[in-house]
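Just input.pdb here, PDB, C-alpha atoms, pLDDT in the B column:
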ATOM      1  CA  MET A   1       0.000   0.000   0.000  1.00 53.00           C
ATOM      2  CA  THR A   2       1.327   3.437  -0.907  1.00 60.00           C
ATOM      3  CA  ASP A   3      -0.057   6.882  -0.131  1.00 69.00           C
ATOM      4  CA  LYS A   4      -0.607   9.629  -2.676  1.00 75.00           C
ATOM      5  CA  HIS A   5       1.887  12.486  -2.567  1.00 78.00           C
ATOM      6  CA  ASP A   6      -0.826  15.068  -1.873  1.00 78.00           C
ATOM      7  CA  ASP A   7      -2.095  13.017   1.075  1.00 79.00           C
ATOM      8  CA  ILE A   8       1.421  12.665   2.509  1.00 76.00           C
ATOM      9  CA  ARG A   9       2.145  16.365   2.068  1.00 81.00           C
ATOM     10  CA  GLU A  10      -1.080  17.351   3.839  1.00 81.00           C
ATOM     11  CA  PHE A  11      -0.430  14.808   6.581  1.00 75.00           C
ATOM     12  CA  LEU A  12       3.106  16.077   7.248  1.00 74.00           C
ATOM     13  CA  ASN A  13       2.003  19.709   7.199  1.00 76.00           C
ATOM     14  CA  ASN A  14      -0.518  18.953   9.936  1.00 75.00           C
ATOM     15  CA  LEU A  15       1.852  17.101  12.252  1.00 70.00           C
ATOM     16  CA  PRO A  16       2.537  18.799  15.604  1.00 65.00           C
ATOM     17  CA  ASP A  17       5.867  20.592  16.000  1.00 56.00           C
ATOM     18  CA  ARG A  18       6.968  18.021  18.572  1.00 52.00           C
ATOM     19  CA  TYR A  19       7.558  15.546  15.741  1.00 52.00           C
ATOM     20  CA  ASP A  20      10.081  17.807  14.017  1.00 50.00           C
ATOM     21  CA  ILE A  21      12.840  16.744  16.389  1.00 50.00           C
ATOM     22  CA  MET A  22      13.048  14.497  19.408  1.00 56.00           C
ATOM     23  CA  GLU A  23      12.345  16.753  22.362  1.00 57.00           C
ATOM     24  CA  GLU A  24      13.353  14.221  24.964  1.00 62.00           C
ATOM     25  CA  GLY A  25      16.974  13.138  24.976  1.00 66.00           C
ATOM     26  CA  ILE A  26      17.655   9.680  23.596  1.00 72.00           C
ATOM     27  CA  ASP A  27      20.315   7.509  25.216  1.00 71.00           C
ATOM     28  CA  ILE A  28      23.235   7.172  22.786  1.00 68.00           C
ATOM     29  CA  GLN A  29      23.480   3.408  23.218  1.00 75.00           C
ATOM     30  CA  THR A  30      19.752   3.061  22.467  1.00 80.00           C
ATOM     31  CA  GLN A  31      20.202   5.151  19.311  1.00 76.00           C
ATOM     32  CA  LYS A  32      23.041   2.882  18.158  1.00 74.00           C
ATOM     33  CA  GLU A  33      21.073  -0.288  18.901  1.00 82.00           C
ATOM     34  CA  TYR A  34      18.004   1.003  17.071  1.00 80.00           C
ATOM     35  CA  ILE A  35      19.925   2.139  14.002  1.00 77.00           C
ATOM     36  CA  ASP A  36      21.895  -1.118  13.784  1.00 78.00           C
ATOM     37  CA  TYR A  37      18.702  -3.143  14.202  1.00 80.00           C
ATOM     38  CA  SER A  38      16.478  -1.124  11.905  1.00 77.00           C
ATOM     39  CA  HIS A  39      19.079  -1.119   9.145  1.00 73.00           C
ATOM     40  CA  SER A  40      18.763  -4.888   8.996  1.00 73.00           C
ATOM     41  CA  PHE A  41      15.327  -4.339   7.409  1.00 67.00           C
ATOM     42  CA  ASP A  42      14.661  -2.962   3.957  1.00 66.00           C
ATOM     43  CA  SER A  43      11.754  -0.612   3.334  1.00 62.00           C
ATOM     44  CA  GLY A  44       8.732  -2.694   2.428  1.00 67.00           C
ATOM     45  CA  GLU A  45       5.100  -2.525   1.401  1.00 77.00           C
ATOM     46  CA  LEU A  46       2.027  -3.963   3.105  1.00 84.00           C
ATOM     47  CA  THR A  47      -1.692  -3.520   2.624  1.00 86.00           C
ATOM     48  CA  GLU A  48      -3.510  -1.353   5.134  1.00 86.00           C
ATOM     49  CA  LYS A  49      -4.971  -4.474   6.776  1.00 89.00           C
ATOM     50  CA  GLU A  50      -1.521  -6.067   7.053  1.00 89.00           C
ATOM     51  CA  THR A  51      -0.128  -2.842   8.505  1.00 90.00           C
ATOM     52  CA  LEU A  52      -2.890  -2.726  11.120  1.00 91.00           C
ATOM     53  CA  ASN A  53      -2.270  -6.354  12.004  1.00 90.00           C
ATOM     54  CA  LEU A  54       1.427  -5.579  12.470  1.00 90.00           C
ATOM     55  CA  GLY A  55       0.480  -2.630  14.625  1.00 89.00           C
ATOM     56  CA  ASN A  56      -1.683  -4.865  16.813  1.00 93.00           C
ATOM     57  CA  THR A  57       1.510  -6.593  17.906  1.00 92.00           C
ATOM     58  CA  LEU A  58       2.400  -3.441  19.830  1.00 94.00           C
ATOM     59  CA  PHE A  59      -0.792  -3.512  21.907  1.00 92.00           C
ATOM     60  CA  ASP A  60      -0.869  -7.243  22.627  1.00 90.00           C
ATOM     61  CA  THR A  61       0.457  -7.793  26.140  1.00 88.00           C
ATOM     62  CA  SER A  62       1.274 -11.413  25.331  1.00 90.00           C
ATOM     63  CA  HIS A  63       3.972 -10.384  22.827  1.00 89.00           C
ATOM     64  CA  PRO A  64       7.533 -10.052  24.169  1.00 93.00           C
ATOM     65  CA  LEU A  65       9.433  -6.777  23.859  1.00 92.00           C
ATOM     66  CA  GLU A  66      11.668  -8.195  21.122  1.00 92.00           C
ATOM     67  CA  ALA A  67       8.617  -8.838  18.935  1.00 92.00           C
ATOM     68  CA  LYS A  68       7.473  -5.260  19.531  1.00 93.00           C
ATOM     69  CA  LYS A  69      10.921  -3.922  18.647  1.00 92.00           C
ATOM     70  CA  LYS A  70      10.736  -5.749  15.329  1.00 91.00           C
ATOM     71  CA  ALA A  71       7.194  -4.491  14.695  1.00 92.00           C
ATOM     72  CA  LEU A  72       8.276  -0.894  15.360  1.00 92.00           C
ATOM     73  CA  ALA A  73      11.230  -1.162  12.980  1.00 90.00           C
ATOM     74  CA  LEU A  74       9.104  -2.759  10.258  1.00 91.00           C
ATOM     75  CA  LEU A  75       6.371  -0.134  10.626  1.00 92.00           C
ATOM     76  CA  ALA A  76       8.950   2.661  10.512  1.00 89.00           C
ATOM     77  CA  HIS A  77      10.374   1.347   7.257  1.00 87.00           C
ATOM     78  CA  LEU A  78       6.955   1.105   5.632  1.00 88.00           C
ATOM     79  CA  GLY A  79       6.907   4.897   5.621  1.00 85.00           C
ATOM     80  CA  THR A  80       3.130   5.177   5.229  1.00 88.00           C
ATOM     81  CA  ILE A  81       0.521   7.268   6.995  1.00 89.00           C
ATOM     82  CA  THR A  82      -1.132   4.161   8.437  1.00 92.00           C
ATOM     83  CA  ALA A  83       2.199   2.870   9.758  1.00 92.00           C
ATOM     84  CA  PHE A  84       2.978   6.249  11.318  1.00 92.00           C
ATOM     85  CA  ARG A  85      -0.429   6.328  13.018  1.00 92.00           C
ATOM     86  CA  GLN A  86       0.156   2.875  14.505  1.00 94.00           C
ATOM     87  CA  ILE A  87       3.515   3.918  15.955  1.00 94.00           C
ATOM     88  CA  GLU A  88       2.035   7.236  17.111  1.00 91.00           C
ATOM     89  CA  LYS A  89      -0.779   5.450  18.930  1.00 92.00           C
ATOM     90  CA  TYR A  90       1.706   3.208  20.746  1.00 94.00           C
ATOM     91  CA  TYR A  91       3.979   6.213  21.390  1.00 90.00           C
ATOM     92  CA  LYS A  92       1.318   7.694  23.673  1.00 89.00           C
ATOM     93  CA  HIS A  93       1.315   4.629  25.951  1.00 91.00           C
ATOM     94  CA  PRO A  94       4.373   2.483  25.194  1.00 92.00           C
ATOM     95  CA  ASP A  95       5.920  -0.251  27.277  1.00 92.00           C
ATOM     96  CA  LYS A  96       8.268   1.511  29.663  1.00 90.00           C
ATOM     97  CA  ASP A  97      11.383  -0.174  28.269  1.00 91.00           C
ATOM     98  CA  LEU A  98      10.448   0.759  24.690  1.00 92.00           C
ATOM     99  CA  LYS A  99       9.678   4.470  25.123  1.00 90.00           C
ATOM    100  CA  GLN A 100      12.908   5.693  23.478  1.00 86.00           C
ATOM    101  CA  TRP A 101      12.792   2.909  20.866  1.00 90.00           C
ATOM    102  CA  THR A 102       9.280   4.068  19.913  1.00 91.00           C
ATOM    103  CA  THR A 103      10.431   7.677  19.658  1.00 87.00           C
ATOM    104  CA  LEU A 104      13.161   6.631  17.225  1.00 86.00           C
ATOM    105  CA  ALA A 105      10.721   4.544  15.154  1.00 89.00           C
ATOM    106  CA  LEU A 106       8.282   7.459  14.953  1.00 87.00           C
ATOM    107  CA  GLN A 107      11.050   9.784  13.772  1.00 83.00           C
ATOM    108  CA  GLU A 108      12.311   7.280  11.197  1.00 83.00           C
ATOM    109  CA  CYS A 109       8.828   6.662   9.793  1.00 86.00           C
ATOM    110  CA  LYS A 110       8.406  10.425   9.389  1.00 83.00           C
ATOM    111  CA  ILE A 111      11.722  10.576   7.545  1.00 79.00           C
ATOM    112  CA  PHE A 112      10.597   7.833   5.148  1.00 81.00           C
ATOM    113  CA  LEU A 113       7.358   9.741   4.520  1.00 81.00           C
ATOM    114  CA  GLU A 114       9.323  12.914   3.751  1.00 76.00           C
ATOM    115  CA  SER A 115      11.690  11.069   1.416  1.00 75.00           C
ATOM    116  CA  THR A 116       8.668   9.837  -0.568  1.00 72.00           C
ATOM    117  CA  LEU A 117       8.030  13.451  -1.567  1.00 71.00           C
ATOM    118  CA  THR A 118      11.636  14.350  -2.368  1.00 62.00           C
ATOM    119  CA  ASP A 119      13.138  11.016  -3.475  1.00 55.00           C
ATOM    120  CA  GLU A 120      15.997  11.921  -1.173  1.00 49.00           C
ATOM    121  CA  SER A 121      17.064  10.106   1.960  1.00 48.00           C
ATOM    122  CA  THR A 122      17.601  12.166   5.089  1.00 49.00           C
ATOM    123  CA  GLY A 123      19.118  11.214   8.413  1.00 49.00           C
ATOM    124  CA  PHE A 124      18.014  11.286  12.020  1.00 52.00           C
ATOM    125  CA  ILE A 125      17.873  14.537  13.904  1.00 52.00           C
ATOM    126  CA  SER A 126      18.676  12.965  17.216  1.00 57.00           C
ATOM    127  CA  THR A 127      20.710  14.064  20.191  1.00 63.00           C
ATOM    128  CA  GLY A 128      21.263  12.845  23.697  1.00 66.00           C
ATOM    129  CA  LEU A 129      20.158  16.240  25.046  1.00 73.00           C
ATOM    130  CA  GLY A 130      17.032  16.445  22.889  1.00 74.00           C
ATOM    131  CA  GLY A 131      15.434  19.715  21.859  1.00 73.00           C
ATOM    132  CA  LEU A 132      12.245  21.746  21.719  1.00 71.00           C
ATOM    133  CA  HIS A 133      10.148  22.559  18.653  1.00 66.00           C
ATOM    134  CA  ASP A 134      12.622  23.718  15.954  1.00 69.00           C
ATOM    135  CA  LYS A 135      15.609  23.959  18.306  1.00 79.00           C
ATOM    136  CA  LEU A 136      18.265  21.488  19.453  1.00 81.00           C
ATOM    137  CA  ARG A 137      19.799  21.560  22.926  1.00 86.00           C
ATOM    138  CA  TYR A 138      23.572  22.042  23.348  1.00 89.00           C
ATOM    139  CA  TYR A 139      25.873  22.227  26.326  1.00 91.00           C
ATOM    140  CA  PHE A 140      28.777  24.687  26.166  1.00 94.00           C
ATOM    141  CA  LEU A 141      31.735  25.093  28.491  1.00 94.00           C
ATOM    142  CA  ILE A 142      33.830  28.266  28.377  1.00 95.00           C
ATOM    143  CA  LEU A 143      36.902  28.953  30.466  1.00 94.00           C
ATOM    144  CA  SER A 144      38.828  31.753  32.079  1.00 93.00           C
ATOM    145  CA  SER A 145      41.729  32.864  29.903  1.00 92.00           C
ATOM    146  CA  SER A 146      44.001  32.623  32.946  1.00 88.00           C
ATOM    147  CA  ASP A 147      44.171  30.501  36.083  1.00 80.00           C
ATOM    148  CA  ARG A 148      42.632  33.370  38.056  1.00 89.00           C
ATOM    149  CA  PRO A 149      38.941  33.192  38.992  1.00 93.00           C
ATOM    150  CA  PHE A 150      36.426  35.380  37.208  1.00 93.00           C
ATOM    151  CA  THR A 151      35.638  38.575  39.096  1.00 94.00           C
ATOM    152  CA  THR A 152      32.060  39.428  40.003  1.00 94.00           C
ATOM    153  CA  ILE A 153      31.973  42.016  37.205  1.00 94.00           C
ATOM    154  CA  GLN A 154      33.308  39.470  34.701  1.00 94.00           C
ATOM    155  CA  LYS A 155      30.691  36.888  35.753  1.00 94.00           C
ATOM    156  CA  ASN A 156      27.910  39.436  35.311  1.00 95.00           C
ATOM    157  CA  THR A 157      29.338  40.455  31.928  1.00 94.00           C
ATOM    158  CA  ILE A 158      29.414  36.837  30.720  1.00 94.00           C
ATOM    159  CA  LYS A 159      25.818  36.281  31.807  1.00 94.00           C
ATOM    160  CA  GLU A 160      24.462  39.452  30.222  1.00 95.00           C
ATOM    161  CA  GLU A 161      26.411  39.157  26.954  1.00 95.00           C
ATOM    162  CA  LEU A 162      25.379  35.512  26.436  1.00 95.00           C
ATOM    163  CA  LYS A 163      21.737  36.356  27.153  1.00 94.00           C
ATOM    164  CA  LEU A 164      21.853  39.153  24.587  1.00 95.00           C
ATOM    165  CA  VAL A 165      23.561  37.042  21.913  1.00 95.00           C
ATOM    166  CA  ALA A 166      21.086  34.193  22.488  1.00 95.00           C
ATOM    167  CA  LYS A 167      18.149  36.565  22.101  1.00 94.00           C
ATOM    168  CA  ASN A 168      19.574  38.023  18.871  1.00 95.00           C
ATOM    169  CA  LEU A 169      19.963  34.510  17.422  1.00 94.00           C
ATOM    170  CA  ASN A 170      16.433  33.438  18.372  1.00 93.00           C
ATOM    171  CA  SER A 171      17.957  30.986  20.832  1.00 94.00           C
ATOM    172  CA  ILE A 172      16.972  30.158  24.390  1.00 92.00           C
ATOM    173  CA  LEU A 173      19.575  30.279  27.142  1.00 94.00           C
ATOM    174  CA  GLU A 174      18.077  27.642  29.438  1.00 91.00           C
ATOM    175  CA  SER A 175      20.677  27.564  32.180  1.00 92.00           C
ATOM    176  CA  ILE A 176      24.022  29.098  33.032  1.00 94.00           C
ATOM    177  CA  ASP A 177      26.283  27.817  35.802  1.00 93.00           C
ATOM    178  CA  ILE A 178      29.156  30.183  36.539  1.00 92.00           C
ATOM    179  CA  SER A 179      32.024  28.770  38.593  1.00 92.00           C
ATOM    180  CA  ASP A 180      35.294  30.453  39.497  1.00 91.00           C
ATOM    181  CA  THR A 181      37.195  29.495  36.316  1.00 91.00           C
ATOM    182  CA  PHE A 182      34.572  28.099  33.934  1.00 93.00           C
ATOM    183  CA  VAL A 183      31.003  28.614  32.797  1.00 94.00           C
ATOM    184  CA  GLY A 184      28.641  25.823  31.767  1.00 94.00           C
ATOM    185  CA  LEU A 185      25.454  26.620  29.874  1.00 94.00           C
ATOM    186  CA  THR A 186      22.661  24.822  28.073  1.00 92.00           C
ATOM    187  CA  VAL A 187      21.148  26.506  25.042  1.00 92.00           C
ATOM    188  CA  LEU A 188      18.285  25.703  22.685  1.00 89.00           C
ATOM    189  CA  LEU A 189      19.685  26.637  19.284  1.00 87.00           C
ATOM    190  CA  PRO A 190      17.663  26.902  16.034  1.00 85.00           C
ATOM    191  CA  MET A 191      18.672  24.342  13.437  1.00 73.00           C
ATOM    192  CA  ASP A 192      19.520  27.067  10.910  1.00 76.00           C
ATOM    193  CA  VAL A 193      22.105  28.670  13.230  1.00 83.00           C
ATOM    194  CA  ALA A 194      25.668  27.343  13.136  1.00 84.00           C
ATOM    195  CA  VAL A 195      26.550  25.787  16.476  1.00 84.00           C
ATOM    196  CA  GLY A 196      29.651  27.908  17.043  1.00 88.00           C
ATOM    197  CA  THR A 197      28.007  31.225  16.191  1.00 91.00           C
ATOM    198  CA  LEU A 198      26.403  31.845  19.571  1.00 93.00           C
ATOM    199  CA  ILE A 199      29.329  30.967  21.792  1.00 93.00           C
ATOM    200  CA  GLU A 200      32.021  32.522  19.580  1.00 93.00           C
ATOM    201  CA  THR A 201      30.055  35.754  19.341  1.00 95.00           C
ATOM    202  CA  GLY A 202      29.519  35.725  23.101  1.00 95.00           C
ATOM    203  CA  ILE A 203      33.213  35.184  23.819  1.00 95.00           C
ATOM    204  CA  LYS A 204      34.137  37.993  21.422  1.00 94.00           C
ATOM    205  CA  LYS A 205      31.679  40.385  23.086  1.00 94.00           C
ATOM    206  CA  CYS A 206      33.020  39.557  26.551  1.00 94.00           C
ATOM    207  CA  ASN A 207      36.625  39.979  25.491  1.00 94.00           C
ATOM    208  CA  GLU A 208      35.973  43.452  24.152  1.00 93.00           C
ATOM    209  CA  LEU A 209      36.034  44.333  27.843  1.00 86.00           C
ATOM    210  CA  GLY A 210      39.326  42.701  28.761  1.00 86.00           C
ATOM    211  CA  ASP A 211      40.250  39.352  27.170  1.00 89.00           C
ATOM    212  CA  PHE A 212      39.208  37.349  30.223  1.00 93.00           C
ATOM    213  CA  VAL A 213      37.495  34.455  28.391  1.00 94.00           C
ATOM    214  CA  PHE A 214      39.571  31.728  26.719  1.00 94.00           C
ATOM    215  CA  GLU A 215      39.011  31.694  22.942  1.00 92.00           C
ATOM    216  CA  HIS A 216      38.608  27.911  22.746  1.00 92.00           C
ATOM    217  CA  TYR A 217      35.550  26.189  24.188  1.00 92.00           C
ATOM    218  CA  TYR A 218      33.797  22.830  24.534  1.00 92.00           C
ATOM    219  CA  VAL A 219      30.407  21.911  23.046  1.00 90.00           C
ATOM    220  CA  THR A 220      28.295  18.753  22.955  1.00 86.00           C
ATOM    221  CA  ASN A 221      24.706  17.768  22.232  1.00 81.00           C
ATOM    222  CA  GLN A 222      24.980  14.335  23.834  1.00 77.00           C
ATOM    223  CA  ASN A 223      25.179  14.844  27.597  1.00 82.00           C
ATOM    224  CA  ILE A 224      25.890  17.305  30.400  1.00 87.00           C
ATOM    225  CA  PRO A 225      29.281  16.389  31.873  1.00 88.00           C
ATOM    226  CA  ASP A 226      29.728  15.839  35.594  1.00 88.00           C
ATOM    227  CA  LYS A 227      32.420  17.521  37.703  1.00 87.00           C
ATOM    228  CA  LEU A 228      35.041  14.852  36.998  1.00 89.00           C
ATOM    229  CA  GLU A 229      34.388  15.045  33.248  1.00 90.00           C
ATOM    230  CA  ILE A 230      34.555  18.842  33.362  1.00 91.00           C
ATOM    231  CA  ASN A 231      38.028  18.685  34.919  1.00 91.00           C
ATOM    232  CA  ASP A 232      39.212  16.447  32.067  1.00 91.00           C
ATOM    233  CA  ILE A 233      37.533  18.696  29.473  1.00 91.00           C
ATOM    234  CA  ILE A 234      39.275  21.776  30.893  1.00 91.00           C
ATOM    235  CA  LYS A 235      42.648  20.062  30.597  1.00 89.00           C
ATOM    236  CA  THR A 236      41.915  19.071  26.999  1.00 90.00           C
ATOM    237  CA  VAL A 237      40.641  22.527  25.943  1.00 90.00           C
ATOM    238  CA  LYS A 238      43.584  24.274  27.567  1.00 85.00           C
ATOM    239  CA  LYS A 239      46.016  22.096  25.627  1.00 78.00           C
TER     240      LYS A 239
END

Please re-express this file's structure in structure tokens.
Amino acid sequence: MTDKHDDIREFLNNLPDRYDIMEEGIDIQTQKEYIDYSHSFDSGELTEKETLNLGNTLFDTSHPLEAKKKALALLAHLGTITAFRQIEKYYKHPDKDLKQWTTLALQECKIFLESTLTDESTGFISTGLGGLHDKLRYYFLILSSSDRPFTTIQKNTIKEELKLVAKNLNSILESIDISDTFVGLTVLLPMDVAVGTLIETGIKKCNELGDFVFEHYYVTNQNIPDKLEINDIIKTVKK
């Protein structure tokens, strides 16, 4: 069963923004397992009745999780409206251990639907830190340019300059943690803004007042490092 292009286009246009990217963070190991597993299946074609029957596997409590994993991957690769609706229905009340797996299947099915319209294959937009609407979440770490702690004035300058730059780039500065010699921040960054633009502009603005921020920085969209990891990151960045 295949859907008409006009039906797919209308369907995609009416999807909620939350399906544009994965808002909740997805564990990196789960992402790898899903991609490795799902790539063992080719895209296929089933009738609507066959698709619904496959979807019923997800709601049958007698089926083991492995059977549901396979059903999710197969439905995702069908890339039809009916398949998407089956995954979406399960996505609202999934088995606890398959919540992230279902999120990945929903995203992949959407990608297959989009590729039907363009004849082009696109990849996952998936990060460990997730995102919100049209923005992805990043963690940045910036450092003092010397071994001396930031002064109170410097800390206030960093906070205000980064807030202003984020606002100008239509980004959201979610949190900022200012320690004596480093600053950690999480930012929701629009997908059409280069990752380095915000932080490099912020560093430049701060240093117009005294070169107190190190020009090199750390960025990730996979996890927020703990204190031990931050110490190792500082050593690496300083080198």

*Counting all atoms listed in the file, the residue of A:Gln29, A:Thr116, A:Thr57, A:Thr103 that sits nearest Ile81 in chain A*: A:Thr116

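Counting only C-alpha atoms, the residue from A:Ile176, A:Leu169, A:Leu117, A:Leu52 that sits nearest to Arg9 in chain A is A:Leu117.
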
*Just say which residues the PyMOL selection byres ((chain A and resi 66-75) around 8) picks in this file, as a PyMOL selection string.*
chain A and resi 37-38+41+43-44+51+54-55+57-58+63-65+76-79+83-84+86-87+98+101-102+105+109

*Quick one: distance from CA of Ser171 in chain A to CA of Gly131 in chain A in Å, one decimal?*
11.6 Å

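With distances restricted to all atoms listed in the file, A:Thr181 is the closest residue to Pro149 in chain A from A:Asn170, A:Thr220, A:Thr181, A:Ser115.
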
_Interatomic distance (Å, one decimal) between CA of Ser179 in chain A and CA of Val195 in chain A_ = 23.0 Å

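For the structure shown here, the set of residues caught by the PyMOL selection byres ((chain A and resi 192) around 10) is A:Asp134, A:Lys135, A:Leu169, A:Leu189, A:Pro190, A:Met191, A:Val193, A:Ala194, A:Val195.
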
*Could you expand the PyMOL selection byres ((chain A and resi 161) around 10) into the explicit residues it covers here, written as a PyMOL selection string?*
chain A and resi 156-160+162-167+201-206

Include C-alpha atoms and write out the residues we just selected as a PDB file, in the frame of the given file.
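What follows is the written file selection_12.pdb:
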ATOM      1  CA  ASN A 156      27.910  39.436  35.311  1.00 95.00           C
ATOM      2  CA  THR A 157      29.338  40.455  31.928  1.00 94.00           C
ATOM      3  CA  ILE A 158      29.414  36.837  30.720  1.00 94.00           C
ATOM      4  CA  LYS A 159      25.818  36.281  31.807  1.00 94.00           C
ATOM      5  CA  GLU A 160      24.462  39.452  30.222  1.00 95.00           C
ATOM      6  CA  LEU A 162      25.379  35.512  26.436  1.00 95.00           C
ATOM      7  CA  LYS A 163      21.737  36.356  27.153  1.00 94.00           C
ATOM      8  CA  LEU A 164      21.853  39.153  24.587  1.00 95.00           C
ATOM      9  CA  VAL A 165      23.561  37.042  21.913  1.00 95.00           C
ATOM     10  CA  ALA A 166      21.086  34.193  22.488  1.00 95.00           C
ATOM     11  CA  LYS A 167      18.149  36.565  22.101  1.00 94.00           C
ATOM     12  CA  THR A 201      30.055  35.754  19.341  1.00 95.00           C
ATOM     13  CA  GLY A 202      29.519  35.725  23.101  1.00 95.00           C
ATOM     14  CA  ILE A 203      33.213  35.184  23.819  1.00 95.00           C
ATOM     15  CA  LYS A 204      34.137  37.993  21.422  1.00 94.00           C
ATOM     16  CA  LYS A 205      31.679  40.385  23.086  1.00 94.00           C
ATOM     17  CA  CYS A 206      33.020  39.557  26.551  1.00 94.00           C
TER      18      CYS A 206
END

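Proximity of A:Glu200, A:Val187, A:Asp180, A:Val237 to Asp147 in chain A, computed with all atoms listed in the file, is greatest for A:Asp180.
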
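Going from CA of Ser145 in chain A to CA of His216 in chain A covers 9.2 Å.
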
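Ranking A:Lys32, A:Arg137, A:Lys155, A:Lys4 by their shortest atom-to-atom distance to Ile224 in chain A, with all atoms listed in the file included, puts A:Arg137 first.
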